[in-house]
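*Asks:* Pasting in a structure now, in structure tokens, and then I'll have a few things to ask.
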Amino acid sequence: MGFLGDDASNLKVLDCTLRLFVIPLSIASIWLSVSNQQDNSSYGRLEFSNFTGLKYMVGISAASGGYALFTAISLWVKSLVSKAWFFFVSDQLVAYLMVTSLAAIWEILYLAYNGDQKVSWSEACSSYGKFCGRLKLVLVLHAIALCCFLALAVISAYRVFSRYQPPSIENEEEKEMHT
């Protein structure tokens, strides 16, 4: 059956491993974001709470880490969640939310490094280098977690749609014979 042969336990192990791998990535990105702050004598203090996009990313990271833990456990405990459709829909949803939160971090970093001259925002990373450096690390960790969820979305889609037979394609001769 496909690239896994008849044994889908390899897929289950890969699925569980990816879910468990997301948890420390989420925790690390949350901790780096929440503890990220820097003082500057000229411009003042810059911290996590100044950015709505970072708050959003922390919320999505916490939700995705909790979801990853719940689903990793439920893979092995049949009575919790045994519906492939649940995993398919929820993995898709979490992957999309991760994309939006990654875009928020990317936008913050872009503006911090480049500014926006049209609205008189200058770049900030020359004054807040440590803050920007940690934010880049958060971006990388969050991107890795997103890649895990994209792989999980593909795995859950495979699980759902491998249960169905592909549609049969009748050639023109067979159609003519039936009519």
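Identifiers in this document derive from the order of the structure tokens: chains are assigned A, B, ..., residues are numbered from 1 separately in each chain, and ligands are numbered from 1 in order of occurrence.
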Excluding A:Lys83 and its own-chain neighbours fewer than 3 positions away, which residues fall within 12 Å of it when counting only C-alpha atoms? Please give them as a PyMOL selection string.

*Replies:* chain A and resi 71+74-75+78-80+86-90+156+159-160

*Asks:* Mind checking which residues fall within 12 Å of A:Asp15, counting only C-alpha atoms, ignoring those fewer than 3 positions away in the same chain, and posting them as a CSV table (one decimal) with N, CA, C and O atoms, in the first residue's frame?

*Replies:*
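The file below, selection.csv, is the result:
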```
chain,number,residue,atom,x,y,z
A,8,ALA,N,1.7,0.2,8.4
A,8,ALA,CA,1.5,1.6,8.6
A,8,ALA,C,2.1,2.0,9.9
A,8,ALA,O,2.0,3.2,10.3
A,9,SER,N,2.7,1.1,10.7
A,9,SER,CA,3.2,1.5,12.0
A,9,SER,C,4.4,2.5,11.8
A,9,SER,O,4.6,3.3,12.7
A,10,ASN,N,5.1,2.4,10.7
A,10,ASN,CA,6.2,3.4,10.4
A,10,ASN,C,5.6,4.8,10.3
A,10,ASN,O,6.2,5.7,10.8
A,11,LEU,N,4.5,4.9,9.7
A,11,LEU,CA,3.8,6.2,9.5
A,11,LEU,C,3.4,6.7,10.9
A,11,LEU,O,3.5,7.9,11.2
A,12,LYS,N,2.9,5.8,11.7
A,12,LYS,CA,2.4,6.2,13.1
A,12,LYS,C,3.6,6.7,13.9
A,12,LYS,O,3.5,7.7,14.6
A,18,LEU,N,7.1,13.5,14.9
A,18,LEU,CA,7.0,14.9,14.4
A,18,LEU,C,6.2,15.7,15.4
A,18,LEU,O,6.5,16.9,15.8
A,19,ARG,N,5.1,15.1,16.0
A,19,ARG,CA,4.3,15.8,17.0
A,19,ARG,C,5.1,16.1,18.2
A,19,ARG,O,5.0,17.2,18.8
A,20,LEU,N,5.9,15.2,18.7
A,20,LEU,CA,6.7,15.4,19.9
A,20,LEU,C,7.8,16.3,19.6
A,20,LEU,O,8.3,17.1,20.5
A,21,PHE,N,8.3,16.4,18.4
A,21,PHE,CA,9.4,17.3,18.0
A,21,PHE,C,8.9,18.8,18.1
A,21,PHE,O,9.7,19.7,18.4
A,22,VAL,N,7.7,19.0,17.8
A,22,VAL,CA,7.1,20.3,17.8
A,22,VAL,C,7.0,20.9,19.2
A,22,VAL,O,7.2,22.2,19.3
A,68,ALA,N,-0.2,19.4,19.8
A,68,ALA,CA,0.8,18.4,19.4
A,68,ALA,C,0.9,17.3,20.5
A,68,ALA,O,0.9,16.1,20.2
A,69,LEU,N,0.9,17.8,21.7
A,69,LEU,CA,1.0,16.8,22.9
A,69,LEU,C,-0.3,16.0,22.9
A,69,LEU,O,-0.2,14.8,23.1
A,71,THR,N,-2.4,15.3,20.6
A,71,THR,CA,-2.6,14.3,19.5
A,71,THR,C,-1.5,13.2,19.5
A,71,THR,O,-1.8,12.1,19.0
A,72,ALA,N,-0.3,13.5,20.0
A,72,ALA,CA,0.7,12.5,20.2
A,72,ALA,C,0.2,11.4,21.1
A,72,ALA,O,0.4,10.2,20.9
A,73,ILE,N,-0.4,11.8,22.2
A,73,ILE,CA,-0.9,10.9,23.2
A,73,ILE,C,-2.1,10.1,22.6
A,73,ILE,O,-2.2,8.9,22.7
A,74,SER,N,-3.0,10.8,21.8
A,74,SER,CA,-4.2,10.2,21.3
A,74,SER,C,-3.8,9.2,20.2
A,74,SER,O,-4.7,8.4,19.8
A,75,LEU,N,-2.6,9.3,19.6
A,75,LEU,CA,-2.2,8.3,18.6
A,75,LEU,C,-2.1,6.9,19.2
A,75,LEU,O,-2.3,5.9,18.5
A,76,TRP,N,-1.7,6.9,20.4
A,76,TRP,CA,-1.4,5.6,21.1
A,76,TRP,C,-2.6,5.2,22.0
A,76,TRP,O,-2.6,4.0,22.4
A,87,PHE,N,-7.9,14.4,12.7
A,87,PHE,CA,-6.5,14.7,12.5
A,87,PHE,C,-6.3,15.5,11.3
A,87,PHE,O,-5.5,16.5,11.2
A,91,ASP,N,-5.0,19.2,11.8
A,91,ASP,CA,-3.6,19.4,11.3
A,91,ASP,C,-3.6,20.5,10.3
A,91,ASP,O,-2.7,21.3,10.3
A,148,CYS,N,7.2,20.9,10.3
A,148,CYS,CA,6.7,19.7,11.0
A,148,CYS,C,5.2,19.6,10.8
A,148,CYS,O,4.6,18.5,10.4
A,149,PHE,N,4.5,20.7,11.0
A,149,PHE,CA,3.0,20.6,10.8
A,149,PHE,C,2.6,20.5,9.4
A,149,PHE,O,1.6,19.8,9.1
A,150,LEU,N,3.4,21.0,8.4
A,150,LEU,CA,3.1,20.7,7.0
A,150,LEU,C,3.2,19.3,6.7
A,150,LEU,O,2.4,18.7,6.0
A,151,ALA,N,4.3,18.7,7.2
A,151,ALA,CA,4.5,17.2,7.0
A,151,ALA,C,3.3,16.4,7.7
A,151,ALA,O,2.8,15.5,7.1
A,152,LEU,N,2.9,16.9,8.9
A,152,LEU,CA,1.8,16.2,9.6
A,152,LEU,C,0.5,16.3,8.8
A,152,LEU,O,-0.3,15.4,8.8
A,153,ALA,N,0.3,17.5,8.2
A,153,ALA,CA,-0.9,17.7,7.3
A,153,ALA,C,-0.9,16.7,6.2
A,153,ALA,O,-1.9,16.2,5.8
A,154,VAL,N,0.3,16.5,5.6
A,154,VAL,CA,0.4,15.6,4.4
A,154,VAL,C,0.1,14.1,4.9
A,154,VAL,O,-0.6,13.4,4.3
A,155,ILE,N,0.7,13.8,6.1
A,155,ILE,CA,0.5,12.4,6.6
A,155,ILE,C,-1.0,12.2,7.0
A,155,ILE,O,-1.6,11.1,6.6
A,156,SER,N,-1.6,13.2,7.6
A,156,SER,CA,-3.0,13.0,7.9
A,156,SER,C,-3.9,12.9,6.7
A,156,SER,O,-4.9,12.2,6.7
A,157,ALA,N,-3.6,13.7,5.7
A,157,ALA,CA,-4.3,13.6,4.4
A,157,ALA,C,-4.1,12.2,3.8
A,157,ALA,O,-5.1,11.7,3.3
A,158,TYR,N,-2.9,11.7,3.8
A,158,TYR,CA,-2.6,10.4,3.3
A,158,TYR,C,-3.5,9.3,4.0
A,158,TYR,O,-4.1,8.5,3.4
A,159,ARG,N,-3.6,9.5,5.4
A,159,ARG,CA,-4.4,8.5,6.2
A,159,ARG,C,-5.8,8.6,5.8
A,159,ARG,O,-6.5,7.5,5.7
```

*Asks:* Choose the residue, out of A:Gly129, A:Gly65, A:Gly115, A:Gly44, that has the smallest atom-to-atom separation from A:Ala95; count only C-alpha atoms.

*Replies:*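 Among the listed residues, the smallest separation from A:Ala95 belongs to A:Gly65.
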
*Asks:* If you run DSSP on the backbone here, which positions in stretch 25-78 of chain A get strand (DSSP E)? Please write them as a tab-separated table (two decimals) with C-alpha atoms, in the first residue's frame.

*Replies:*
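states34.tsv, freshly written:
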```
chain	number	residue	atom	x	y	z
A	37	GLN	CA	13.84	42.64	25.81
A	38	GLN	CA	16.52	45.23	25.37
A	39	ASP	CA	17.22	48.69	26.77
A	40	ASN	CA	18.65	51.52	24.72
A	44	GLY	CA	14.14	53.36	25.62
A	45	ARG	CA	13.10	49.79	26.34
A	46	LEU	CA	11.90	47.35	23.70
A	47	GLU	CA	10.15	44.20	24.88
```

*Asks:* Using only C-alpha atoms, can you tell me which of A:Ser41, A:Asn114, A:Ser101, A:Ser35 comes closest to A:Leu139?

*Replies:*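 Result for the nearest residue to A:Leu139: A:Ser101.
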
*Asks:* Can you check which residues of chain A DSSP gives as alpha helix (DSSP H) on the backbone and send them as a PyMOL selection string?

*Replies:* chain A and resi 9-34+52-76+84-114+129-161+172-178

*Asks:* Give me, as a PyMOL selection string, all polymer residues having an atom no more than 10 Å from A:Ile30, counting only C-alpha atoms and skipping those fewer than 3 positions away in the same chain.

*Replies:* chain A and resi 24-27+33-36+54-55+57-62+138+141-142

*Asks:* May I ask which of the residues A:Tyr113, A:Ser29, A:Ile23, A:Leu14 is the closest one to A:Leu137, counting only C-alpha atoms?

*Replies:* A:Ser29

*Asks:* Mind pulling up the distance from atom CA of A:Val13 to atom CA of A:Gln92?

*Replies:*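 A separation of 19.5 Å between them.
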
*Asks:* Measuring between only C-alpha atoms, which one of A:Ala28, A:Tyr56, A:Arg163, A:Phe51 shows the shortest distance to A:Leu102?

*Replies:*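 Of A:Ala28, A:Tyr56, A:Arg163, A:Phe51, the one nearest A:Leu102 is A:Tyr56, counting only C-alpha atoms.
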
*Asks:* Rounded to one decimal place, report the atom CA of A:Leu32-atom CA of A:Asp116 distance in Å.

*Replies:* 25.6 Å

*Asks:* Restricting the calculation to only C-alpha atoms: of A:Trp31, A:Tyr67, A:Ser122, A:Ala143, which residue gets closest to A:Trp106?

*Replies:*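 Answer, going by the shortest atom-to-atom distance: A:Ala143.
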